[in-house]
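Input: a single structure, listed below in structure tokens.
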Amino acid sequence: MRGRLHVIGVGDDELLETSLAQVTLTGRLGDTYRGRIIIPVTNNSGQINGFIGRDASGDSRAPKYRNPTRTMTFTKSMILYRPTHHGLAADANVVIVEGVLDALAIAAAAARRGEMDRFAPCTTSGVTASHEQVCRVLALHTRPPVIALDGDDAGAEGANRWLAGLCLDAGRPALVTSLPRATDPAEWLALHGDSGLSAFDRRGCLGADEHGVQPKLPGRALVRLLAEHHPQPARAVLTSIVPLAAQLPPEPSTRLLRDAEHEMTRLGWNPNGSFTR
């Protein structure tokens with residue numbers, strides 16, 4: 001029937017419960033994800049817990065992503081979307097991105113290069129990071145995750161949320177990839193091909209890659225975050241960043257502390273080298 005959503009074998013109440021449908025102003029069932037690419041969110045057992053809809057209409061007024069807020073199996077603040085659930089190598093990179101297409105692009109590039117076990121892209125389908133989602137990211141691998149959100153203001157704010165959750169709240173180190181302005185990971189890979197994966201590879205954090213973009217230690221960013229919320233930033237930096245450095249190998253540990261020291265000096269909180277001492 002025109003104007004009415006119908007799925008064989010599924011009742012109206014079930015469609016509403018799964019968020020696949022919504023009641024329109026006229027009282028009919030409407031397709032929640034009309035004009036969108038539907039990406040299923042699966043768990044480690046391959047069961048579908050929910051859906052994410054990526055706009056394909058090109059309408060600038062439409063939100064890029066549509067997610068159900070809460071259903072019987074899907075709670076957005078707890079769900080972590082992963083396009084793959086395979087085993088990971090000892091030096092694998094957990095890569096936190098903003099959108100599901102970014103995660104899919106990284107997974108596809110890794111598969112083409114025969115490095116699927118070295119990349120585990122994931123996303124909350126946005127720039128938020130709840131405590132549960134932070135814990136799920138940290139449970140994927142023991143090595144520091146790479147935060148690689150979009151190259152815009154929202155992405156920068158989201159990266160700070162992830163840094164606060166991962167490094168300051170959970171006490172685990174992380175790295176950040178800053179993409180060029182107005183570029184997301186999927187666009188980066190479309191531009192540079194599979195070799196663009198180096199932008200999300202933790203091995204590049206100690207030297208420049210062929211594209212000039214690589215994960216970096218967030219010493220300066222962490223100092224700025226701590227300075228915003230603590231009346232005694234020097235003490236906060238010592239109690240927060242030094243334990244992070246202790247979890248890293250010698251060279252990145254030294255770099256993290258050095259960058260924190262430089263930012264403290266820039267902000268005027270290292271007079272006569274007092275913070276350094």
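Labeling convention for the structure tokens: chains A, B, ... as they appear, residues from 1 per chain, ligands from 1 in order of appearance.
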Sel. of strand (DSSP E) residues, region 28-277 of chain A, as a ChimeraX atom specification:
/A:29-31,36-42,48-55,65-66,93-97,119-123,146-147,175-176
With C-alpha atoms kept, could you save the residues just selected as a PDB file, in the first residue's frame?
ATOM      1  CA  LEU A  29       3.694   3.694   9.835  1.00  0.00           C
ATOM      2  CA  GLY A  30       6.604   5.440   8.139  1.00  0.00           C
ATOM      3  CA  ASP A  31      10.034   4.094   7.251  1.00  0.00           C
ATOM      4  CA  ARG A  36      19.475   5.801   3.950  1.00  0.00           C
ATOM      5  CA  ILE A  37      22.026   3.017   3.674  1.00  0.00           C
ATOM      6  CA  ILE A  38      21.228   0.535   6.435  1.00  0.00           C
ATOM      7  CA  ILE A  39      24.204  -0.852   8.358  1.00  0.00           C
ATOM      8  CA  PRO A  40      23.473  -3.594  10.914  1.00  0.00           C
ATOM      9  CA  VAL A  41      25.179  -3.459  14.303  1.00  0.00           C
ATOM     10  CA  THR A  42      26.219  -6.989  15.283  1.00  0.00           C
ATOM     11  CA  ILE A  48      22.055  -8.087  14.941  1.00  0.00           C
ATOM     12  CA  ASN A  49      21.474  -5.735  17.878  1.00  0.00           C
ATOM     13  CA  GLY A  50      20.363  -2.683  15.907  1.00  0.00           C
ATOM     14  CA  PHE A  51      20.742  -0.564  12.795  1.00  0.00           C
ATOM     15  CA  ILE A  52      22.504   2.632  11.777  1.00  0.00           C
ATOM     16  CA  GLY A  53      21.186   4.597   8.809  1.00  0.00           C
ATOM     17  CA  ARG A  54      23.604   6.695   6.700  1.00  0.00           C
ATOM     18  CA  ASP A  55      21.918   9.384   4.642  1.00  0.00           C
ATOM     19  CA  TYR A  65      23.436   9.335  10.636  1.00  0.00           C
ATOM     20  CA  ARG A  66      20.253   8.098  12.232  1.00  0.00           C
ATOM     21  CA  ASN A  93      45.580  -0.913  15.998  1.00  0.00           C
ATOM     22  CA  VAL A  94      42.160  -0.247  17.484  1.00  0.00           C
ATOM     23  CA  VAL A  95      41.040   2.812  15.496  1.00  0.00           C
ATOM     24  CA  ILE A  96      38.210   4.973  16.826  1.00  0.00           C
ATOM     25  CA  VAL A  97      36.399   6.816  14.031  1.00  0.00           C
ATOM     26  CA  PHE A 119      43.294  -3.048  12.287  1.00  0.00           C
ATOM     27  CA  ALA A 120      40.130  -3.028  14.380  1.00  0.00           C
ATOM     28  CA  PRO A 121      38.104   0.058  13.401  1.00  0.00           C
ATOM     29  CA  CYS A 122      35.170   0.965  15.624  1.00  0.00           C
ATOM     30  CA  THR A 123      32.733   3.824  16.188  1.00  0.00           C
ATOM     31  CA  VAL A 146      44.208   5.473  17.881  1.00  0.00           C
ATOM     32  CA  ILE A 147      41.582   8.250  17.898  1.00  0.00           C
ATOM     33  CA  LEU A 175      47.167   8.376  20.307  1.00  0.00           C
ATOM     34  CA  VAL A 176      45.431  10.892  18.043  1.00  0.00           C
TER      35      VAL A 176
END
Among the residues of region 38-242 of chain A, find those DSSP assigns to helix (DSSP H, G or I) from the backbone and print them as a VMD selection string.
chain A and resid 100 to 112 116 to 118 131 to 140 153 to 169 185 to 200 202 to 206 219 to 229 233 to 242
